[in-house]
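Novice: My structure file data-v1.cif, mmCIF, C-alpha atoms, is below:
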data_upload
loop_
_atom_site.label_atom_id
_atom_site.label_comp_id
_atom_site.auth_asym_id
_atom_site.auth_seq_id
_atom_site.Cartn_x
_atom_site.Cartn_y
_atom_site.Cartn_z
CA GLY C 1 8.09 -16.33 12.44
CA LYS C 2 6.44 -17.49 9.27
CA SER C 3 5.39 -21.04 8.79
CA ILE C 4 4.44 -22.63 5.51
CA VAL C 5 2.53 -25.87 5.42
CA TYR C 6 1.89 -27.90 2.29
CA ASN C 7 -0.70 -30.41 3.44
CA THR C 8 -1.04 -33.94 2.10
CA ASP C 9 -4.48 -33.04 0.73
CA GLY C 10 -2.86 -30.47 -1.58
CA ASN C 11 -3.91 -27.36 0.33
CA LEU C 12 -1.35 -24.67 0.99
CA GLY C 13 -1.43 -22.78 4.25
CA ILE C 14 0.72 -19.77 5.08
CA ASN C 15 0.97 -18.22 8.52
CA MET C 16 2.33 -14.71 8.01
CA LYS C 17 3.57 -13.64 11.45
CA ARG C 18 6.68 -11.48 11.05
CA SER C 19 9.80 -12.37 12.93
CA THR C 20 12.87 -10.34 13.79
CA GLN C 21 15.04 -13.19 12.52
CA LYS C 22 16.44 -12.55 9.02
CA SER C 23 16.81 -15.30 6.44
CA GLY C 24 18.15 -14.34 3.00
CA LYS C 25 20.34 -11.31 2.26
CA ASP C 26 17.21 -9.20 1.87
CA GLY C 27 15.45 -10.78 4.86
CA ASP C 28 13.11 -12.88 2.71
CA ILE C 29 12.47 -16.53 3.47
CA ARG C 30 14.01 -18.46 0.57
CA VAL C 31 11.87 -21.39 -0.63
CA PHE C 32 12.71 -24.26 -3.00
CA ILE C 33 9.90 -26.40 -4.46
CA CYS C 34 10.29 -30.04 -5.55
CA GLU C 35 7.03 -31.19 -7.13
CA PRO C 36 6.50 -33.56 -10.10
CA HIS C 37 3.31 -31.90 -11.35
CA GLU C 38 4.03 -28.70 -13.26
CA ILE C 39 0.65 -27.08 -12.62
CA THR C 40 0.98 -27.65 -8.86
CA ARG C 41 4.58 -26.42 -8.82
CA ILE C 42 3.67 -23.24 -10.71
CA GLY C 43 0.58 -22.65 -8.55
CA VAL C 44 2.42 -23.04 -5.26
CA ALA C 45 5.24 -20.79 -6.49
CA SER C 46 2.71 -18.17 -7.59
CA LEU C 47 0.97 -18.17 -4.20
CA LEU C 48 4.25 -17.92 -2.34
CA GLU C 49 5.58 -15.09 -4.51
CA LYS C 50 2.49 -13.03 -3.64
CA ALA C 51 3.31 -13.28 0.07
CA ASP C 52 5.42 -10.52 1.55
CA GLY C 53 8.83 -11.74 2.67
CA ILE C 54 8.87 -15.02 0.74
CA ARG C 55 10.98 -15.62 -2.35
CA VAL C 56 10.95 -18.82 -4.41
CA VAL C 57 14.60 -19.43 -5.27
CA GLY C 58 14.16 -22.57 -7.35
CA SER C 59 12.03 -25.51 -8.32
CA THR C 60 12.35 -28.88 -9.99
CA THR C 61 10.39 -32.01 -10.82
CA ASP C 62 13.27 -34.34 -9.97
CA PRO C 63 14.49 -34.97 -6.41
CA GLN C 64 18.03 -35.75 -7.66
CA ASP C 65 18.16 -32.33 -9.32
CA ALA C 66 16.85 -30.85 -6.08
CA VAL C 67 19.69 -32.38 -4.07
CA ILE C 68 22.26 -30.86 -6.44
CA ALA C 69 20.59 -27.45 -6.33
CA LEU C 70 20.16 -27.53 -2.56
CA LYS C 71 23.83 -28.35 -1.96
CA SER C 72 25.01 -25.38 -3.99
CA SER C 73 22.58 -22.85 -2.55
CA PRO C 74 20.56 -24.05 0.47
CA PRO C 75 17.18 -22.32 0.95
CA ASP C 76 15.44 -21.73 4.26
CA VAL C 77 12.47 -23.97 3.36
CA VAL C 78 12.01 -26.90 0.97
CA ILE C 79 8.52 -27.91 -0.12
CA ILE C 80 8.50 -31.46 -1.45
CA ASP C 81 5.65 -33.72 -2.55
CA VAL C 82 6.51 -36.81 -0.54
CA ALA C 83 3.30 -38.62 -1.57
CA ALA C 84 4.37 -38.47 -5.23
CA SER C 85 7.83 -39.89 -4.54
CA ALA C 86 6.85 -43.24 -6.12
CA GLN C 87 6.56 -41.40 -9.45
CA TRP C 88 10.19 -40.32 -9.16
CA LYS C 89 11.64 -43.85 -9.09
#
For the structure just supplied, provide its representation as structure tokens.
Specialist:
Amino acid sequence: GKSIVYNTDGNLGINMKRSTQKSGKDGDIRVFICEPHEITRIGVASLLEKADGIRVVGSTTDPQDAVIALKSSPPDVVIIDVAASAQWK
């Protein structure tokens, strides 16, 4: 399958092995991004959208907004900046 790793040093790694397992309706892996820094959020989304089989289905700067969005339409993967969580309090 595909694995996406957002490292604590800010580097994004994507392993693009195809799997027979389907995720979204169209087979894409649905990703939601929760990141307080707009430039990082936009950059990560841009990189992911360029990858075949990955679709960014939402993003937010606020973890409380993320919880609401994730309950209504759960993605396959959530990328969250845990190190910046102190900024969200």
Novice: Would you mind telling me which residue in C:Val78, C:Phe32, C:Ile39, C:Ser73 lies nearest to C:Val57 when using all atoms listed in the file?
Specialist: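 Among C:Val78, C:Phe32, C:Ile39, C:Ser73, it is C:Phe32 that comes nearest to C:Val57.
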Novice: Using all atoms listed in the file for the distances, tell me which of C:Val56, C:Ile29, C:Cys34, C:Leu47 is nearest to C:Ala83.
Specialist: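 That would be C:Cys34, the residue with the smallest distance to C:Ala83.
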Novice: Would you translate the PyMOL selection byres ((chain C and resi 62) around 9) into the concrete set of residues it matches in this file, as a ChimeraX atom specification?
Specialist: /C:34-36,60-61,63-67,88
Novice: Of the candidates C:Ile68, C:Ile42, C:Leu48, C:Asp76, which shows the shortest atom-to-atom distance to C:Gly27, using only C-alpha atoms?
Specialist: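 Among C:Ile68, C:Ile42, C:Leu48, C:Asp76, it is C:Asp76 that comes nearest to C:Gly27.
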Novice: Of the residues C:Ile33, C:Asp26, C:Ser46, C:Asp52, which is the one nearest to C:Val77, using only C-alpha atoms?
Specialist: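 When distances to C:Val77 are compared using only C-alpha atoms, the smallest one comes from C:Ile33.
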Novice: Could you state the separation of atom CA of C:Lys71 and atom CA of C:Arg55 in Å, given to one decimal place?
Specialist: 18.1 Å
Novice: Report, in Å with one decimal, the straight-line distance from atom CA of C:Ser72 to atom CA of C:Arg41.
Specialist: 21.0 Å
Novice: Report, in Å with one decimal, the straight-line distance from atom CA of C:Asp81 to atom CA of C:Gly43.
Specialist: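 Interatomic distance, atom CA of C:Asp81 to atom CA of C:Gly43: 13.6 Å.
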